[in-house]
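**Q** Input upload_12.txt, format and content: compact mmCIF, C-alpha atoms (C1' of nucleotides).
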# COMPACT_ATOMS: atom_id res chain seq x y z
CA MET G 135 9.05 -16.05 -33.55
CA ARG G 136 10.36 -18.12 -30.65
CA VAL G 137 11.67 -16.33 -27.57
CA PRO G 138 13.26 -18.76 -25.09
CA HIS G 139 13.72 -17.35 -21.60
CA ASP G 140 14.23 -18.22 -17.94
CA PRO G 141 11.29 -18.08 -15.52
CA TRP G 142 10.33 -14.48 -14.75
CA PRO G 143 11.67 -13.33 -11.37
CA ALA G 144 9.14 -12.91 -8.57
CA ASP G 145 11.11 -10.33 -6.63
CA GLN G 146 13.74 -7.65 -7.10
CA ALA G 147 16.60 -9.65 -5.68
CA GLU G 148 16.03 -12.46 -8.15
CA ALA G 149 15.61 -9.95 -10.97
CA LEU G 150 18.94 -8.39 -10.15
CA ARG G 151 20.63 -11.79 -10.24
CA GLN G 152 19.14 -12.59 -13.63
CA GLN G 153 20.12 -9.18 -14.94
CA LEU G 154 23.74 -9.59 -13.93
CA ALA G 155 23.84 -13.12 -15.37
CA LEU G 156 22.26 -12.23 -18.72
CA ARG G 157 24.41 -9.15 -19.07
CA ALA G 158 27.34 -11.31 -20.12
CA ARG G 159 25.45 -12.39 -23.22
CA VAL G 160 25.15 -8.96 -24.80
CA GLU G 161 27.02 -8.82 -28.10
CA ALA G 162 28.54 -5.78 -29.73
CA GLY G 163 27.70 -5.27 -33.36
CA GLY G 164 28.46 -3.22 -36.42
CA PRO G 165 26.37 -1.75 -39.21
CA LEU G 166 23.35 -3.76 -40.29
CA PRO G 167 23.40 -4.44 -44.01
CA ALA G 168 20.01 -4.69 -45.67
CA VAL G 169 17.60 -3.73 -42.92
CA ARG G 170 14.22 -4.25 -44.53
CA THR G 171 11.97 -4.36 -41.48
CA ALA G 172 12.01 -2.84 -37.99
CA ALA G 173 9.64 -3.66 -35.14
CA GLY G 174 8.50 -1.27 -32.44
CA LEU G 175 7.66 -2.55 -28.95
CA ASP G 176 5.59 -0.92 -26.24
CA VAL G 177 3.41 -1.73 -23.22
CA SER G 178 0.38 0.11 -21.84
CA TYR G 179 -1.01 -0.31 -18.33
CA ASP G 180 -4.27 0.01 -16.45
CA GLY G 181 -3.38 1.08 -12.94
CA GLU G 182 -6.73 -0.03 -11.51
CA THR G 183 -6.87 -3.61 -12.76
CA GLY G 184 -3.16 -4.33 -13.13
CA ARG G 185 -3.81 -5.21 -16.74
CA ALA G 186 -0.98 -4.74 -19.26
CA VAL G 187 -1.17 -4.77 -23.04
CA ALA G 188 1.93 -5.19 -25.20
CA ALA G 189 2.23 -4.46 -28.90
CA ALA G 190 4.87 -5.41 -31.46
CA VAL G 191 4.47 -3.65 -34.79
CA VAL G 192 6.68 -4.52 -37.77
CA LEU G 193 7.26 -1.75 -40.30
CA ASP G 194 8.82 -1.76 -43.75
CA LEU G 195 11.77 0.59 -43.34
CA ALA G 196 11.55 1.98 -46.86
CA THR G 197 7.86 2.85 -46.83
CA LEU G 198 7.19 2.95 -43.06
CA THR G 199 4.05 0.92 -43.66
CA VAL G 200 2.85 -1.83 -41.33
CA VAL G 201 3.93 -5.33 -42.29
CA GLU G 202 2.46 -7.12 -39.28
CA ALA G 203 1.20 -6.32 -35.78
CA ALA G 204 0.85 -8.58 -32.75
CA THR G 205 -0.47 -7.95 -29.25
CA ALA G 206 -0.72 -9.72 -25.90
CA THR G 207 -2.36 -8.97 -22.58
CA GLY G 208 -1.48 -10.03 -19.05
CA GLU G 209 -1.45 -9.08 -15.40
CA VAL G 210 1.52 -7.02 -14.26
CA THR G 211 3.02 -8.20 -11.00
CA PHE G 212 6.52 -6.76 -10.99
CA PRO G 213 6.68 -3.15 -9.73
CA TYR G 214 8.25 -0.29 -11.62
CA VAL G 215 11.78 0.02 -10.33
CA PRO G 216 14.21 2.28 -12.22
CA GLY G 217 16.88 -0.06 -13.57
CA LEU G 218 14.60 -3.10 -13.52
CA LEU G 219 12.01 -1.98 -16.07
CA ALA G 220 12.59 -5.03 -18.23
CA PHE G 221 11.21 -7.37 -15.57
CA ARG G 222 7.95 -5.44 -15.52
CA GLU G 223 7.51 -5.24 -19.28
CA LEU G 224 9.08 -8.39 -20.68
CA PRO G 225 6.56 -11.09 -19.73
CA VAL G 226 3.75 -9.57 -21.77
CA LEU G 227 6.14 -8.18 -24.39
CA VAL G 228 7.59 -11.62 -25.07
CA ASP G 229 4.07 -13.01 -25.51
CA ALA G 230 3.43 -10.39 -28.18
CA LEU G 231 6.75 -11.11 -29.91
CA GLU G 232 5.96 -14.82 -30.02
CA ARG G 233 2.78 -14.07 -31.92
CA LEU G 234 4.70 -12.48 -34.79
CA THR G 235 4.92 -14.71 -37.84
CA VAL G 236 7.73 -12.68 -39.39
CA THR G 237 11.15 -12.07 -37.88
CA PRO G 238 12.06 -8.37 -37.97
CA ASP G 239 15.60 -7.33 -38.90
CA VAL G 240 15.85 -5.10 -35.83
CA LEU G 241 13.79 -4.36 -32.70
CA VAL G 242 13.29 -0.80 -31.46
CA CYS G 243 12.61 -0.61 -27.73
CA ASP G 244 10.93 2.08 -25.68
CA GLY G 245 13.65 2.87 -23.14
CA TYR G 246 17.38 2.34 -22.74
CA GLY G 247 19.94 -0.23 -23.83
CA VAL G 248 23.46 -0.08 -22.41
CA ALA G 249 23.00 3.48 -21.13
CA HIS G 250 21.80 1.90 -17.90
CA PRO G 251 23.12 1.78 -14.32
CA ARG G 252 24.33 -1.80 -14.86
CA ARG G 253 24.70 -1.56 -18.64
CA PHE G 254 21.70 -3.82 -19.22
CA GLY G 255 18.53 -1.92 -19.99
CA LEU G 256 15.36 -3.21 -21.60
CA ALA G 257 16.78 -3.13 -25.12
CA CYS G 258 19.76 -5.31 -24.12
CA HIS G 259 17.48 -7.78 -22.41
CA VAL G 260 15.18 -8.04 -25.42
CA GLY G 261 18.21 -8.52 -27.66
CA VAL G 262 19.69 -11.33 -25.58
CA LEU G 263 16.36 -13.16 -25.42
CA THR G 264 15.55 -12.87 -29.12
CA GLY G 265 19.08 -12.94 -30.51
CA LEU G 266 18.07 -10.07 -32.78
CA PRO G 267 19.73 -6.67 -33.17
CA THR G 268 18.08 -4.19 -30.80
CA PHE G 269 18.43 -0.63 -29.62
CA GLY G 270 16.52 1.69 -27.35
CA VAL G 271 15.00 5.09 -27.93
CA ALA G 272 14.04 6.76 -24.65
CA LYS G 273 11.98 9.89 -24.23
CA THR G 274 13.52 11.21 -21.01
CA PRO G 275 17.00 11.27 -19.46
CA PHE G 276 18.04 8.49 -17.13
CA THR G 277 21.39 8.29 -15.39
CA SER G 278 24.01 9.34 -17.95
CA ALA G 279 25.24 12.90 -18.21
CA HIS G 280 24.22 14.79 -21.30
CA ALA G 281 24.30 18.25 -22.83
CA GLU G 282 21.92 19.95 -25.26
CA PRO G 283 22.62 19.07 -28.92
CA GLY G 284 22.25 21.58 -31.76
CA PRO G 285 18.76 22.59 -32.89
CA GLY G 286 18.77 20.76 -36.22
CA ARG G 287 17.36 17.35 -37.12
CA GLY G 288 20.20 14.87 -36.80
CA ASP G 289 22.22 16.96 -34.34
CA TRP G 290 23.48 14.89 -31.44
CA LEU G 291 25.85 14.76 -28.50
CA PRO G 292 27.26 11.75 -26.67
CA LEU G 293 25.61 10.32 -23.58
CA THR G 294 28.51 9.68 -21.24
CA GLU G 295 29.34 8.24 -17.89
CA ASP G 296 32.83 9.34 -16.96
CA GLU G 297 34.82 8.90 -20.16
CA GLU G 298 32.61 6.14 -21.48
CA VAL G 299 30.18 6.78 -24.34
CA LEU G 300 26.95 4.91 -23.67
CA GLY G 301 24.59 6.48 -26.16
CA ARG G 302 23.50 9.67 -27.89
CA VAL G 303 21.15 12.54 -27.23
CA LEU G 304 19.62 12.88 -30.68
CA ARG G 305 17.45 15.59 -32.17
CA THR G 306 15.00 13.90 -34.53
CA GLN G 307 13.06 17.06 -35.41
CA PRO G 308 14.17 20.70 -35.62
CA LYS G 309 13.90 22.52 -32.30
CA VAL G 310 12.03 19.61 -30.72
CA LYS G 311 13.10 17.96 -27.48
CA PRO G 312 15.73 15.29 -28.25
CA VAL G 313 15.49 11.53 -27.68
CA PHE G 314 18.03 9.24 -26.02
CA VAL G 315 19.44 6.48 -28.21
CA SER G 316 21.48 3.57 -26.91
CA VAL G 317 22.55 0.24 -28.28
CA GLY G 318 20.95 -2.96 -27.08
CA HIS G 319 22.45 -5.96 -28.87
CA ARG G 320 24.35 -6.74 -32.10
CA VAL G 321 24.26 -3.26 -33.60
CA ASP G 322 26.48 -0.20 -33.31
CA LEU G 323 25.53 3.24 -32.09
CA ALA G 324 25.98 4.97 -35.46
CA THR G 325 23.58 2.50 -37.08
CA ALA G 326 21.07 2.88 -34.27
CA THR G 327 21.22 6.63 -34.81
CA THR G 328 20.75 6.33 -38.57
CA LEU G 329 17.81 3.97 -38.11
CA THR G 330 16.19 6.24 -35.53
CA LEU G 331 16.35 9.15 -37.95
CA ALA G 332 15.04 7.02 -40.80
CA LEU G 333 12.13 5.94 -38.63
CA ALA G 334 11.33 9.48 -37.50
CA PRO G 335 11.03 11.56 -40.69
CA ARG G 336 8.12 13.61 -39.39
CA PHE G 337 7.70 13.21 -35.65
CA ARG G 338 9.92 13.22 -32.59
CA LEU G 339 9.54 9.50 -31.91
CA PRO G 340 10.20 6.67 -34.39
CA GLU G 341 7.14 5.46 -36.29
CA THR G 342 7.78 2.01 -34.82
CA THR G 343 7.29 3.28 -31.27
CA ARG G 344 4.35 5.42 -32.25
CA HIS G 345 2.54 2.50 -33.86
CA ALA G 346 3.24 0.16 -30.94
CA ASP G 347 2.19 2.81 -28.44
CA GLN G 348 -1.06 3.57 -30.23
CA LEU G 349 -1.95 -0.07 -30.74
CA SER G 350 -1.29 -1.07 -27.12
CA ARG G 351 -3.32 1.77 -25.62
CA ARG G 352 -6.11 1.34 -28.15
CA LEU G 353 -6.43 -2.32 -27.19
CA LEU G 354 -6.22 -1.47 -23.49
CA GLY G 355 -9.02 1.02 -23.91
CA GLY G 356 -11.06 -1.49 -25.87
CA LEU G 357 -10.68 -4.10 -23.15
CA TYR G 358 -11.82 -1.57 -20.57
CA ALA G 359 -14.89 -0.68 -22.63
CA ALA G 360 -15.74 -4.37 -22.97
CA ARG G 361 -15.90 -5.02 -19.24
C1' DG N 126 23.46 10.85 4.48
C1' DC N 127 20.07 12.95 0.78
C1' DG N 128 18.03 13.07 -3.69
C1' DA N 129 17.34 11.25 -8.60
C1' DC N 130 15.54 7.74 -11.10
C1' DA N 131 13.70 4.48 -18.53
C1' DG N 132 8.22 3.16 -18.44
C1' DA U 65 3.06 4.41 -17.31
C1' DT U 66 -1.30 7.34 -16.09
C1' DC U 67 -4.32 11.40 -14.53
C1' DT U 68 -6.29 15.54 -18.27
C1' DT U 69 -8.67 21.12 -21.58
C1' DG U 70 -7.71 24.14 -24.03
C1' DT U 71 -4.72 26.10 -27.09
C1' DC U 72 -0.92 27.53 -30.32
C1' DG U 73 0.59 26.61 -34.97
C1' DC U 74 1.06 24.49 -39.69
Show me, as C-alpha cells, the structure contained in the file I just sent.
**A**
Amino acid sequence: MRVPHDPWPADQAEALRQQLALRARVEAGGPLPAVRTAAGLDVSYDGETGRAVAAAVVLDLATLTVVEAATATGEVTFPYVPGLLAFRELPVLVDALERLTVTPDVLVCDGYGVAHPRRFGLACHVGVLTGLPTFGVAKTPFTSAHAEPGPGRGDWLPLTEDEEVLGRVLRTQPKVKPVFVSVGHRVDLATATTLTLALAPRFRLPETTRHADQLSRRLLGGLYAAR
DNA sequence: GCGACAG
DNA sequence: ATCTTGTCGC
C-alpha cells in the first residue's frame, strides 16, 4: 500500500510543528462494518547499533491466521520522547506498511491514539498517513487518569482527562493487568474495544500486536546473528 | 518549582 | 524499547 508523507523531522521542534499540523486531519468514525482483516504494527530496536526493525502483520479477524506479513529495517535517529513516539517509529514502520500487497481494514498500533498530551498519538498519526481506520492498544498508562476496572474479561473503565473521555482501560483476560485502548482515526471507541477483545481471545495483548512484536524481534535477532 | 512520562 | 533465571501454574 502507498503511504504518502512529509519529510521526517530532524529535531523535536520540527516534529512538534508537524504533529500540531497533522492533528487537524484526524477524522472521527463510527462502527466498522465488515472488518475482515486487521494488521498489527510494531518496532524492535538494537540499542548498540541503532538498528530498528518494523513489522506489519495482517490477520484474518475470523480465524486470527496470518494473511500477509511485511518487514523493514532502518537506522533510528529520532530519540524516544514521551509524546513524540511516532517520529521515532514511523519512518521504518511506513516502509514496512508500503511492502504490504493487501490493504487491511484496520490498523492496530502499539501505543496510544487520542489519549495523548496533544491528542495525537502514534495511532492517530498512522491513521492520517494511511487514511485507514486505526486505534492504539497500549500496555502501560500514559497521561490520562484511570481507575481499576472489574476483574472479568471485557470489564473496562473510561480513560479521562478532566471530563473528557479519551479511551478505555480494558481487561482482555480475567484477573490480568488491563490494556489501554484509544481511538486513532476513522473508528469509534466502542468498535476499537470490540476489536481488541476479538483479537485477544487467549492472551492479554491482541494477536496482531503479538505477531508483529515476535516477527520484528525475530528479524532483529537474525540480523544480529548474521553480522 | 519538582516529578511523571506510550515504546 | 532493552537488560535477564528461575519459577509458578494450567
**Q** Quick one: everything within 10 Å of DA129 (chain N), counting all atoms listed in the file, minus sequence neighbours fewer than 2 positions away in the same chain. Send it as a list in words.
**A** Phe276 and Thr277 of chain G; DC127 of chain N
**Q** If we count only C-alpha atoms (C1' of nucleotides), which residues of chain N reach to within 12 Å of chain G? Please list them as a ChimeraX atom specification.
**A** /N:129-132
**Q** Taking 3 positions as the minimum chain separation for residues in the same chain, which residues sit within 10 Å of Pro340 (chain G) when counting all atoms listed in the file? Answer as a PyMOL selection string.
**A** chain G and resi 174+198+242+244+271+306+313+329-337+343-345
**Q** Write the residues you've just listed into a file as a PDB file, in the frame of the given file, and include C-alpha atoms for each of them.
**A**
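Saved to part.pdb:
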ATOM      1  CA  GLY G 174       8.500  -1.270 -32.440  1.00  0.00           C
ATOM      2  CA  LEU G 198       7.190   2.950 -43.060  1.00  0.00           C
ATOM      3  CA  VAL G 242      13.290  -0.800 -31.460  1.00  0.00           C
ATOM      4  CA  ASP G 244      10.930   2.080 -25.680  1.00  0.00           C
ATOM      5  CA  VAL G 271      15.000   5.090 -27.930  1.00  0.00           C
ATOM      6  CA  THR G 306      15.000  13.900 -34.530  1.00  0.00           C
ATOM      7  CA  VAL G 313      15.490  11.530 -27.680  1.00  0.00           C
ATOM      8  CA  LEU G 329      17.810   3.970 -38.110  1.00  0.00           C
ATOM      9  CA  THR G 330      16.190   6.240 -35.530  1.00  0.00           C
ATOM     10  CA  LEU G 331      16.350   9.150 -37.950  1.00  0.00           C
ATOM     11  CA  ALA G 332      15.040   7.020 -40.800  1.00  0.00           C
ATOM     12  CA  LEU G 333      12.130   5.940 -38.630  1.00  0.00           C
ATOM     13  CA  ALA G 334      11.330   9.480 -37.500  1.00  0.00           C
ATOM     14  CA  PRO G 335      11.030  11.560 -40.690  1.00  0.00           C
ATOM     15  CA  ARG G 336       8.120  13.610 -39.390  1.00  0.00           C
ATOM     16  CA  PHE G 337       7.700  13.210 -35.650  1.00  0.00           C
ATOM     17  CA  THR G 343       7.290   3.280 -31.270  1.00  0.00           C
ATOM     18  CA  ARG G 344       4.350   5.420 -32.250  1.00  0.00           C
ATOM     19  CA  HIS G 345       2.540   2.500 -33.860  1.00  0.00           C
TER      20      HIS G 345
END
**Q** Residues near region 67-71 of chain U, anyone? I mean within 12 Å using all atoms listed in the file, not counting same-chain ones fewer than 2 positions away, as a ChimeraX atom specification.
**A** /G:180-181 /U:65,73
**Q** Have a look at G:Arg252, G:Arg320, G:Arg287, G:Arg185 and name the one nearest to chain U; count all atoms listed in the file.
**A**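 Going through G:Arg252, G:Arg320, G:Arg287, G:Arg185 one by one, the smallest distance to chain U is for G:Arg185.
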**Q** Please provide the set of residues having any atom within 9 Å of Pro238 (chain G), restricted to only C-alpha atoms (C1' of nucleotides), with same-chain residues fewer than 6 positions apart removed, written as a ChimeraX atom specification.
**A** /G:169-173,192-193,266
**Q** Take the residues from that selection and write them out as a PDB file, keeping the file's coordinate frame, keeping C-alpha atoms.
**A**
ATOM      1  CA  VAL G 169      17.600  -3.730 -42.920  1.00  0.00           C
ATOM      2  CA  ARG G 170      14.220  -4.250 -44.530  1.00  0.00           C
ATOM      3  CA  THR G 171      11.970  -4.360 -41.480  1.00  0.00           C
ATOM      4  CA  ALA G 172      12.010  -2.840 -37.990  1.00  0.00           C
ATOM      5  CA  ALA G 173       9.640  -3.660 -35.140  1.00  0.00           C
ATOM      6  CA  VAL G 192       6.680  -4.520 -37.770  1.00  0.00           C
ATOM      7  CA  LEU G 193       7.260  -1.750 -40.300  1.00  0.00           C
ATOM      8  CA  LEU G 266      18.070 -10.070 -32.780  1.00  0.00           C
TER       9      LEU G 266
END
**Q** To one decimal place, how far is CA of Phe254 (chain G) from CA of Val137 (chain G) in Å?
**A** 18.1 Å
